[in-house]
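What follows is the content of final-v7.txt, which has compact mmCIF, C-alpha atoms and all ligand atoms:
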```txt
# COMPACT_ATOMS: atom_id res chain seq x y z
CA ARG A 18 78.46 87.31 90.54
CA ALA A 19 81.67 88.96 91.85
CA ILE A 20 84.04 90.54 89.35
CA ASN A 21 87.33 88.66 89.14
CA LYS A 22 89.35 89.13 85.97
CA VAL A 23 92.70 89.87 84.37
CA LEU A 24 93.50 92.35 81.60
CA PHE A 25 96.72 92.29 79.60
CA PHE A 26 98.40 95.13 77.77
CA PRO A 27 99.45 96.67 75.40
CA SER A 28 95.92 97.57 74.49
CA GLU A 29 94.76 98.25 70.96
CA VAL A 30 94.28 102.01 70.49
CA THR A 31 90.60 102.69 69.90
CA CYS A 32 88.24 105.64 70.35
CA VAL A 33 87.04 106.11 73.94
CA GLU A 34 85.08 109.34 73.39
CA HIS A 35 81.77 107.60 74.14
CA PHE A 36 82.82 107.37 77.80
CA PHE A 37 83.05 111.16 77.98
CA SER A 38 80.36 112.42 75.56
CA PRO A 39 77.55 109.83 75.47
CA LEU A 40 75.73 111.79 72.77
CA SER A 41 78.53 111.29 70.28
CA THR A 42 78.65 107.50 70.50
CA HIS A 43 77.57 106.90 66.95
CA SER A 44 78.73 110.13 65.44
CA CYS A 45 82.42 110.40 66.32
CA LEU A 46 84.45 111.30 63.26
CA CYS A 47 87.93 110.59 64.68
CA PRO A 48 90.14 108.18 62.72
CA LEU A 49 90.42 105.55 65.50
CA PRO A 50 88.43 102.28 65.47
CA HIS A 51 85.00 102.60 67.17
CA GLY A 52 82.83 100.14 69.06
CA VAL A 53 85.74 97.86 69.98
CA GLU A 54 86.24 96.55 73.51
CA THR A 55 89.88 96.57 74.61
CA SER A 56 91.82 96.12 77.85
CA PHE A 57 91.98 99.91 78.11
CA SER A 58 88.26 100.47 77.49
CA ARG A 59 87.49 97.86 80.17
CA LEU A 60 89.83 99.62 82.59
CA LEU A 61 88.06 102.94 81.89
CA HIS A 62 84.70 101.22 82.32
CA TYR A 63 85.59 99.93 85.79
CA ILE A 64 87.04 103.26 86.93
CA LEU A 65 83.94 105.10 85.68
CA SER A 66 81.71 102.64 87.57
CA ALA A 67 82.56 104.47 90.83
CA SER A 68 79.41 105.72 92.54
CA SER A 69 80.82 107.05 95.82
CA SER A 70 84.63 107.02 96.04
CA LEU A 71 87.80 106.36 94.10
CA ASN A 72 91.22 105.98 95.74
CA VAL A 73 94.14 105.95 93.32
CA CYS A 74 97.70 105.06 94.34
CA VAL A 75 100.02 105.16 91.31
CA PHE A 76 103.70 105.77 90.80
CA SER A 77 103.16 107.81 87.61
CA PHE A 78 100.03 109.33 86.12
CA SER A 79 100.22 110.94 82.69
CA GLU A 80 97.58 109.13 80.61
CA VAL A 81 95.07 111.76 79.44
CA ASN A 82 91.93 109.60 79.23
CA LEU A 83 92.44 108.23 82.75
CA SER A 84 92.75 111.85 83.87
CA ARG A 85 89.54 112.75 82.00
CA ALA A 86 87.81 109.84 83.75
CA LEU A 87 88.78 111.25 87.15
CA LEU A 88 87.62 114.74 86.17
CA LEU A 89 84.27 113.29 85.04
CA LEU A 90 83.82 111.38 88.31
CA HIS A 91 84.80 114.50 90.25
CA SER A 92 82.12 116.50 88.40
CA ARG A 93 79.59 113.85 89.45
CA GLY A 94 80.48 114.40 93.11
CA ILE A 95 82.52 111.19 93.60
CA THR A 96 85.14 111.58 96.35
CA ILE A 97 88.53 111.12 94.71
CA ARG A 98 91.90 110.82 96.41
CA VAL A 99 95.13 110.43 94.43
CA LEU A 100 98.43 109.39 95.99
CA THR A 101 101.49 109.50 93.75
CA ASP A 102 105.28 109.55 93.88
CA ARG A 103 106.93 112.93 94.30
CA ASP A 104 109.72 112.23 91.81
CA TYR A 105 107.27 111.42 89.05
CA SER A 106 104.65 114.04 89.85
CA ALA A 107 106.93 116.64 88.28
CA ILE A 108 107.75 114.93 84.98
CA ASN A 109 106.67 115.95 81.52
CA GLY A 110 103.07 115.24 80.67
CA THR A 111 102.00 114.40 84.20
CA GLN A 112 98.29 114.88 84.84
CA ILE A 113 98.77 115.64 88.54
CA GLY A 114 98.63 119.43 88.01
CA VAL A 115 95.44 119.11 85.95
CA LEU A 116 93.77 117.03 88.68
CA ARG A 117 94.83 119.45 91.42
CA LYS A 118 93.63 122.46 89.44
CA ALA A 119 90.21 120.81 89.10
CA GLY A 120 90.00 120.50 92.88
CA ILE A 121 90.82 116.79 93.17
CA CYS A 122 92.69 115.93 96.36
CA VAL A 123 96.26 114.82 95.54
CA ARG A 124 99.08 113.87 97.90
CA CYS A 125 102.69 113.06 96.94
CA ASP A 126 104.91 110.60 98.73
CA ARG A 127 107.87 112.81 99.71
CA THR A 128 110.17 110.10 100.99
CA SER A 129 113.40 109.22 99.19
CA VAL A 130 112.09 105.74 98.34
CA HIS A 131 109.66 105.00 95.54
CA MET A 132 105.93 104.81 96.12
CA HIS A 133 105.82 102.12 93.43
CA HIS A 134 102.21 100.93 93.75
CA LYS A 135 99.86 100.91 90.75
CA PHE A 136 96.44 100.30 92.26
CA ALA A 137 93.02 101.89 92.63
CA VAL A 138 90.03 101.03 94.78
CA VAL A 139 86.52 101.85 93.53
CA ASP A 140 83.80 102.40 96.18
CA GLU A 141 85.99 100.47 98.71
CA ARG A 142 84.67 97.37 96.90
CA LEU A 143 86.54 96.85 93.62
CA LEU A 144 90.33 96.56 93.38
CA ILE A 145 92.30 97.40 90.24
CA THR A 146 95.99 96.46 90.61
CA GLY A 147 98.95 95.27 88.60
CA SER A 148 102.12 96.33 86.81
CA LEU A 149 100.49 99.11 84.77
CA ASN A 150 101.43 102.72 85.50
CA TRP A 151 98.84 105.24 84.35
CA THR A 152 100.88 106.35 81.33
CA GLN A 153 100.32 106.13 77.58
CA THR A 154 103.48 104.03 77.13
CA ALA A 155 102.25 101.46 79.65
CA VAL A 156 98.79 101.29 78.06
CA GLN A 157 99.74 101.33 74.38
CA ARG A 158 103.23 99.80 74.22
CA ASN A 159 104.45 97.80 77.22
CA LYS A 160 103.62 94.25 78.19
CA GLU A 161 101.60 94.80 81.36
CA ASN A 162 98.86 93.26 83.47
CA ILE A 163 95.96 94.45 85.58
CA LEU A 164 93.88 92.35 87.88
CA ILE A 165 90.33 93.47 88.71
CA THR A 166 88.59 91.85 91.64
CA GLU A 167 85.80 92.28 94.17
CA ASP A 168 87.16 89.50 96.41
CA PRO A 169 87.13 91.08 99.91
CA GLU A 170 90.21 89.06 100.98
CA LEU A 171 92.17 90.90 98.30
CA VAL A 172 90.36 94.26 98.32
CA GLN A 173 90.33 94.97 102.06
CA PRO A 174 94.14 94.91 102.58
CA PHE A 175 94.46 97.53 99.80
CA VAL A 176 91.67 99.66 101.34
CA LYS A 177 93.61 99.68 104.63
CA GLU A 178 97.01 100.24 103.01
CA PHE A 179 95.67 103.22 101.05
CA GLN A 180 94.29 104.77 104.24
CA ARG A 181 97.63 104.21 106.02
CA LEU A 182 99.69 105.74 103.20
CA TRP A 183 97.25 108.64 102.81
CA LEU A 184 97.54 109.56 106.49
CA ASN A 185 101.33 109.13 106.42
CA ASN A 186 101.55 111.65 103.62
CA ASN A 187 99.43 114.36 105.19
CA PRO A 188 101.09 117.55 103.97
CA THR A 189 99.98 119.61 106.99
CA ARG B 27 91.32 76.35 101.73
CA ALA B 28 92.67 78.27 98.72
CA ILE B 29 95.49 80.76 99.26
CA ASN B 30 94.36 84.34 98.64
CA LYS B 31 96.42 87.06 100.27
CA VAL B 32 98.22 90.36 99.90
CA LEU B 33 101.75 91.26 101.03
CA PHE B 34 102.99 94.83 101.35
CA PHE B 35 106.55 96.08 101.17
CA PRO B 36 109.10 97.35 102.17
CA SER B 37 109.80 94.24 104.16
CA GLU B 38 111.79 94.22 107.38
CA VAL B 39 115.28 92.82 106.70
CA THR B 40 115.65 89.52 108.56
CA CYS B 41 117.75 86.39 108.21
CA VAL B 42 116.44 83.94 105.57
CA GLU B 43 119.30 81.41 105.79
CA HIS B 44 116.97 78.74 107.18
CA PHE B 45 115.33 78.50 103.73
CA PHE B 46 118.64 77.50 102.20
CA SER B 47 120.46 75.56 104.95
CA PRO B 48 117.82 73.87 107.13
CA LEU B 49 120.50 72.55 109.48
CA SER B 50 121.53 76.03 110.54
CA THR B 51 118.06 77.23 111.58
CA HIS B 52 118.92 77.63 115.22
CA SER B 53 122.60 78.20 114.88
CA CYS B 54 122.96 81.14 112.47
CA LEU B 55 125.37 83.72 113.85
CA CYS B 56 124.58 86.55 111.40
CA PRO B 57 123.59 89.92 112.89
CA LEU B 58 120.07 90.00 111.33
CA PRO B 59 116.90 89.22 113.34
CA HIS B 60 115.98 85.50 113.30
CA GLY B 61 112.68 83.64 113.50
CA VAL B 62 110.66 86.62 112.23
CA GLU B 63 108.02 86.26 109.51
CA THR B 64 108.04 89.13 107.01
CA SER B 65 106.51 89.90 103.61
CA PHE B 66 109.78 88.81 102.03
CA SER B 67 110.04 85.54 103.97
CA ARG B 68 106.44 84.74 102.97
CA LEU B 69 107.29 85.47 99.33
CA LEU B 70 110.31 83.12 99.54
CA HIS B 71 108.14 80.50 101.23
CA TYR B 72 105.59 80.50 98.38
CA ILE B 73 108.27 80.40 95.69
CA LEU B 74 110.02 77.52 97.42
CA SER B 75 106.72 75.63 97.66
CA ALA B 76 107.06 74.73 93.95
CA SER B 77 106.99 70.96 93.45
CA SER B 78 106.95 70.69 89.65
CA SER B 79 107.35 74.03 87.84
CA LEU B 80 108.04 77.73 88.30
CA ASN B 81 107.46 80.33 85.58
CA VAL B 82 108.89 83.76 86.35
CA CYS B 83 108.14 86.86 84.25
CA VAL B 84 109.85 89.91 85.75
CA PHE B 85 111.12 93.19 84.36
CA SER B 86 114.24 93.17 86.57
CA PHE B 87 115.82 90.42 88.66
CA SER B 88 118.76 91.27 90.90
CA GLU B 89 117.68 90.16 94.40
CA VAL B 90 120.19 87.54 95.56
CA ASN B 91 117.92 85.47 97.83
CA LEU B 92 115.26 85.14 95.13
CA SER B 93 118.03 83.95 92.83
CA ARG B 94 119.20 81.45 95.47
CA ALA B 95 115.62 80.19 95.76
CA LEU B 96 115.53 79.47 92.02
CA LEU B 97 118.92 77.71 92.17
CA LEU B 98 117.65 75.55 95.05
CA LEU B 99 114.47 74.63 93.16
CA HIS B 100 116.55 73.90 90.05
CA SER B 101 118.77 71.53 92.09
CA ARG B 102 115.60 69.73 93.21
CA GLY B 103 114.62 69.11 89.58
CA ILE B 104 111.84 71.71 89.37
CA THR B 105 111.36 73.00 85.80
CA ILE B 106 112.11 76.74 85.86
CA ARG B 107 111.57 79.24 83.07
CA VAL B 108 112.53 82.90 83.47
CA LEU B 109 111.38 85.63 81.10
CA THR B 110 112.86 89.09 81.60
CA ASP B 111 113.36 92.41 79.84
CA ARG B 112 116.42 92.71 77.62
CA ASP B 113 117.27 96.24 78.72
CA TYR B 114 117.42 95.25 82.37
CA SER B 115 119.03 91.84 81.95
CA ALA B 116 122.35 93.60 81.39
CA ILE B 117 122.36 95.97 84.36
CA ASN B 118 124.64 95.88 87.37
CA GLY B 119 123.84 93.21 89.89
CA THR B 120 121.43 91.30 87.68
CA GLN B 121 121.07 87.63 88.59
CA ILE B 122 120.21 86.57 85.04
CA GLY B 123 123.80 85.49 84.26
CA VAL B 124 123.96 83.43 87.49
CA LEU B 125 120.71 81.65 86.63
CA ARG B 126 121.84 80.94 83.05
CA LYS B 127 125.20 79.63 84.22
CA ALA B 128 123.41 77.19 86.54
CA GLY B 129 121.46 75.84 83.57
CA ILE B 130 118.15 77.57 84.22
CA CYS B 131 116.26 78.42 81.04
CA VAL B 132 116.11 82.21 80.56
CA ARG B 133 114.63 84.22 77.70
CA CYS B 134 114.83 88.00 77.22
CA ASP B 135 112.17 90.12 75.60
CA ARG B 136 114.12 91.78 72.78
CA THR B 137 111.45 94.19 71.60
CA SER B 138 111.89 97.93 72.01
CA VAL B 139 108.98 98.11 74.46
CA HIS B 140 109.21 97.10 78.10
CA MET B 141 108.26 93.64 79.29
CA HIS B 142 107.02 95.27 82.49
CA HIS B 143 105.32 92.31 84.20
CA LYS B 144 106.28 91.23 87.71
CA PHE B 145 104.60 87.86 88.15
CA ALA B 146 105.40 84.22 88.80
CA VAL B 147 103.29 81.08 88.58
CA VAL B 148 104.08 78.13 90.87
CA ASP B 149 103.06 74.65 89.64
CA GLU B 150 100.53 76.30 87.24
CA ARG B 151 98.39 76.69 90.38
CA LEU B 152 99.61 79.63 92.48
CA LEU B 153 99.95 83.17 91.12
CA ILE B 154 102.35 85.75 92.61
CA THR B 155 101.84 89.18 91.02
CA GLY B 156 102.04 92.88 91.83
CA SER B 157 104.21 95.99 91.60
CA LEU B 158 107.35 94.39 93.05
CA ASN B 159 110.36 93.87 90.82
CA TRP B 160 112.77 91.21 92.04
CA THR B 161 115.34 93.70 93.31
CA GLN B 162 116.70 94.54 96.75
CA THR B 163 115.45 98.14 96.48
CA ALA B 164 111.92 96.96 95.77
CA VAL B 165 111.97 94.47 98.65
CA GLN B 166 113.72 96.56 101.31
CA ARG B 167 112.93 100.19 100.45
CA ASN B 168 110.00 100.85 98.11
CA LYS B 169 106.29 100.86 98.86
CA GLU B 170 105.14 97.82 96.90
CA ASN B 171 102.47 95.13 96.84
CA ILE B 172 102.23 91.48 95.93
CA LEU B 173 99.09 89.47 95.62
CA ILE B 174 99.23 85.69 96.08
CA THR B 175 96.28 83.63 94.94
CA GLU B 176 95.19 80.16 93.88
CA ASP B 177 91.93 81.46 92.37
CA PRO B 178 91.81 79.78 88.93
CA GLU B 179 89.97 82.77 87.39
CA LEU B 180 93.04 84.88 88.16
CA VAL B 181 95.77 82.23 87.79
CA GLN B 182 94.77 80.73 84.43
CA PRO B 183 95.03 83.95 82.36
CA PHE B 184 98.60 84.39 83.66
CA VAL B 185 99.45 80.73 82.87
CA LYS B 186 98.31 81.34 79.28
CA GLU B 187 99.98 84.75 78.95
CA PHE B 188 103.29 83.31 80.15
CA GLN B 189 103.10 80.56 77.57
CA ARG B 190 102.29 83.09 74.82
CA LEU B 191 105.17 85.42 75.77
CA TRP B 192 107.58 82.50 76.17
CA LEU B 193 106.84 81.22 72.66
CA ASN B 194 107.01 84.76 71.21
CA ASN B 195 110.52 85.14 72.60
CA ASN B 196 111.95 81.90 71.28
CA PRO B 197 115.57 82.82 70.51
CA THR B 198 115.94 80.21 67.77
ZN ZN C 1 86.15 108.52 67.76
ZN ZN C 2 121.17 84.54 110.30
```

Would you mind writing the structure in this file as structure tokens?
Amino acid sequence: RAINKVLFFPSEVTCVEHFFSPLSTHSCLCPLPHGVETSFSRLLHYILSASSSLNVCVFSFSEVNLSRALLLLHSRGITIRVLTDRDYSAINGTQIGVLRKAGICVRCDRTSVHMHHKFAVVDERLLITGSLNWTQTAVQRNKENILITEDPELVQPFVKEFQRLWLNNNPT
Amino acid sequence: RAINKVLFFPSEVTCVEHFFSPLSTHSCLCPLPHGVETSFSRLLHYILSASSSLNVCVFSFSEVNLSRALLLLHSRGITIRVLTDRDYSAINGTQIGVLRKAGICVRCDRTSVHMHHKFAVVDERLLITGSLNWTQTAVQRNKENILITEDPELVQPFVKEFQRLWLNNNPT
């Protein structure tokens, strides 16, 4: 059955260490609630479900656990491409430098207009899109939405638009 | 066949007077291109397709033609509710005052966090959602997306979330 769902934010703040260190699932000593499913843990789950590629197109990217998810996928050999807005790639707390340093391919939209998208495509099959920037404020405080779908009528236009924007922002 | 499509922006700037004065369709003398379908004209088309209700939940609302569309629907007796962010309801060029003055029901999220949604639900049946704020910059300059769907699995959560946010922001 095809995935087709909506997540609303803000998300309750819970421990997500089990996504990154499977061994510690039952032994984490941090003060956050454990074993609770939230909008954010579902978002992480879908991103970490990538088995071949992940294309991310987000205006701002500073949320640390989303960055850790990309680093984990990168270490598993998943092909990751990140397209972001130039103006926001330089702000405080951005994860763009961390991703680049790890060898993940990042391009910045250098035009004077905003690259205002907030979407990702997993394995060219699953679309994650909505109002949510990849920041802690968006996840933990704002009223936001994300739609997650495998419907090809919705996914394919985003696959093509990502490819178009990626080629348009070739730095060479 | 259910509507299920994606629109990308920026949209070409073309004349949209025919939506508001049907008589002038072939006689408009303005300098903009006429008779051209664009992402923005499709967005207007779907908003103006409302026959009973329109619920709008947008962070910022300053685009004049979207405001005119709501005024036209209001004059036809469509029940309109607009929920927006307090911080942005006071900025330059906002249409919130115009809508209120015309008798359209508007509520502002007064919390310190952002009401960052950008969605609308037409007749509790058609969802319009994405990265696009209802501003001229978003429509004419930024790289943005909007998804338009009648899929109940996607529409119904937004119908419920609107109702929840609307009741939470009751000014009385
Ligand atoms: Zn923990
Ligand atoms: Zn004209």

Check: Can you list, as a list in words, every protein, DNA or RNA residue that comes within 9 Å of Ser67 of chain B when you count only C-alpha atoms, leaving out same-chain residues fewer than 2 positions away?
Finding: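 Here the qualifying residues turn out to be Ser37, Thr40, Cys41, Val42, Phe45, Val62, Glu63, Thr64, Ser65, Leu69, Leu70, His71 and Tyr72 of chain B.
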
Output for the residues just chosen: C-alpha atoms as a PDB file, keeping the file's coordinate frame:
```pdb
ATOM      1  CA  SER B  37     109.800  94.240 104.160  1.00  0.00           C
ATOM      2  CA  THR B  40     115.650  89.520 108.560  1.00  0.00           C
ATOM      3  CA  CYS B  41     117.750  86.390 108.210  1.00  0.00           C
ATOM      4  CA  VAL B  42     116.440  83.940 105.570  1.00  0.00           C
ATOM      5  CA  PHE B  45     115.330  78.500 103.730  1.00  0.00           C
ATOM      6  CA  VAL B  62     110.660  86.620 112.230  1.00  0.00           C
ATOM      7  CA  GLU B  63     108.020  86.260 109.510  1.00  0.00           C
ATOM      8  CA  THR B  64     108.040  89.130 107.010  1.00  0.00           C
ATOM      9  CA  SER B  65     106.510  89.900 103.610  1.00  0.00           C
ATOM     10  CA  LEU B  69     107.290  85.470  99.330  1.00  0.00           C
ATOM     11  CA  LEU B  70     110.310  83.120  99.540  1.00  0.00           C
ATOM     12  CA  HIS B  71     108.140  80.500 101.230  1.00  0.00           C
ATOM     13  CA  TYR B  72     105.590  80.500  98.380  1.00  0.00           C
TER      14      TYR B  72
END
```

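Those residues of chain B that fall within 8 Å of chain A when using all atoms listed in the file read Asn30, Lys31, Val32, Val139, His140, Met141, His142, His143, Lys144, Thr155, Gly156, Ser157, Leu158, Arg167, Asn168, Lys169, Glu170, Asn171, Leu173, Glu179, Leu180 and Pro183 of chain B.
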
Note to self: Give me the residues near Val108 of chain B as an NGL selection string, where near means some atom within 8 Å (using all atoms listed in the file) and where sequence neighbours in that chain fewer than 5 positions away do not count.
What the structure shows: :B and (81-84 or 130-133)

Residues from the last selection, C-alpha atoms, saved as a PDB file, keeping the file's coordinate frame:
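Writing done, so here's selection-v3.pdb:
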```pdb
ATOM      1  CA  ASN B  81     107.460  80.330  85.580  1.00  0.00           C
ATOM      2  CA  VAL B  82     108.890  83.760  86.350  1.00  0.00           C
ATOM      3  CA  CYS B  83     108.140  86.860  84.250  1.00  0.00           C
ATOM      4  CA  VAL B  84     109.850  89.910  85.750  1.00  0.00           C
ATOM      5  CA  ILE B 130     118.150  77.570  84.220  1.00  0.00           C
ATOM      6  CA  CYS B 131     116.260  78.420  81.040  1.00  0.00           C
ATOM      7  CA  VAL B 132     116.110  82.210  80.560  1.00  0.00           C
ATOM      8  CA  ARG B 133     114.630  84.220  77.700  1.00  0.00           C
TER       9      ARG B 133
END
```

Next item on the list: Residues within 9 Å of ligand ZN 2 (chain C) should be enumerated using all atoms listed in the file and returned as a VMD selection string.
Entry: chain B and resid 40 to 44 50 to 60

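Atom CA of Arg93 of chain A lies 18.8 Å from atom CA of Leu143 of chain A.
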
Next item on the list: Find the residues near segment 75-79 of chain B: any atom within 8 Å, counting all atoms listed in the file, skip ones fewer than 4 places away on the same chain, and give them as a VMD selection string.
Entry: chain B and resid 71 99 103 to 106 148 to 150

Next item on the list: Using only C-alpha atoms, find the one residue out of A:His91, A:Val176, A:Ala137, A:Pro39 that sits nearest to Gly120 of chain A.
Entry: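 Of all the options, A:His91 lies closest to Gly120 of chain A.
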
Margin query: Can you measure atom CA of Leu74 of chain B to atom CA of Trp160 of chain B for me? One decimal in Å is fine.
Written below: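 Result for atom CA of Leu74 of chain B versus atom CA of Trp160 of chain B: 15.0 Å, one decimal.
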
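Straight-line separation from atom CA of Ser88 of chain B to atom CA of Ile154 of chain B: 17.4 Å.
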
Next item on the list: Within 9 Å of Pro197 of chain B, counting only C-alpha atoms, which residues show up once you throw out same-chain ones fewer than 2 positions away? Write them as a list of chain:residue names, please.
Entry: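 My list of contacting residues is B:Arg133, B:Cys134, B:Asn194, B:Asn195.
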
Please write the residues from the selection above to a file, keeping C-alpha atoms, as an mmCIF file, in the frame of the given file.
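For reference, again_31.cif as written:
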```
data_model
loop_
_atom_site.group_PDB
_atom_site.id
_atom_site.type_symbol
_atom_site.label_atom_id
_atom_site.label_comp_id
_atom_site.auth_asym_id
_atom_site.auth_seq_id
_atom_site.Cartn_x
_atom_site.Cartn_y
_atom_site.Cartn_z
ATOM 1 C CA ARG B 133 114.630 84.220 77.700
ATOM 2 C CA CYS B 134 114.830 88.000 77.220
ATOM 3 C CA ASN B 194 107.010 84.760 71.210
ATOM 4 C CA ASN B 195 110.520 85.140 72.600
#
```

Put a box with edges along x, y and z around all the listed atoms of segment 125-135 of chain B, pad it by 6 Å on each side, then give me its centre and sizes in Å, one decimal, as lines of an AutoDock Vina configuration file.
```
center_x = 118.7
center_y = 83.0
center_z = 81.1
size_x = 25.0
size_y = 26.3
size_z = 23.0
```
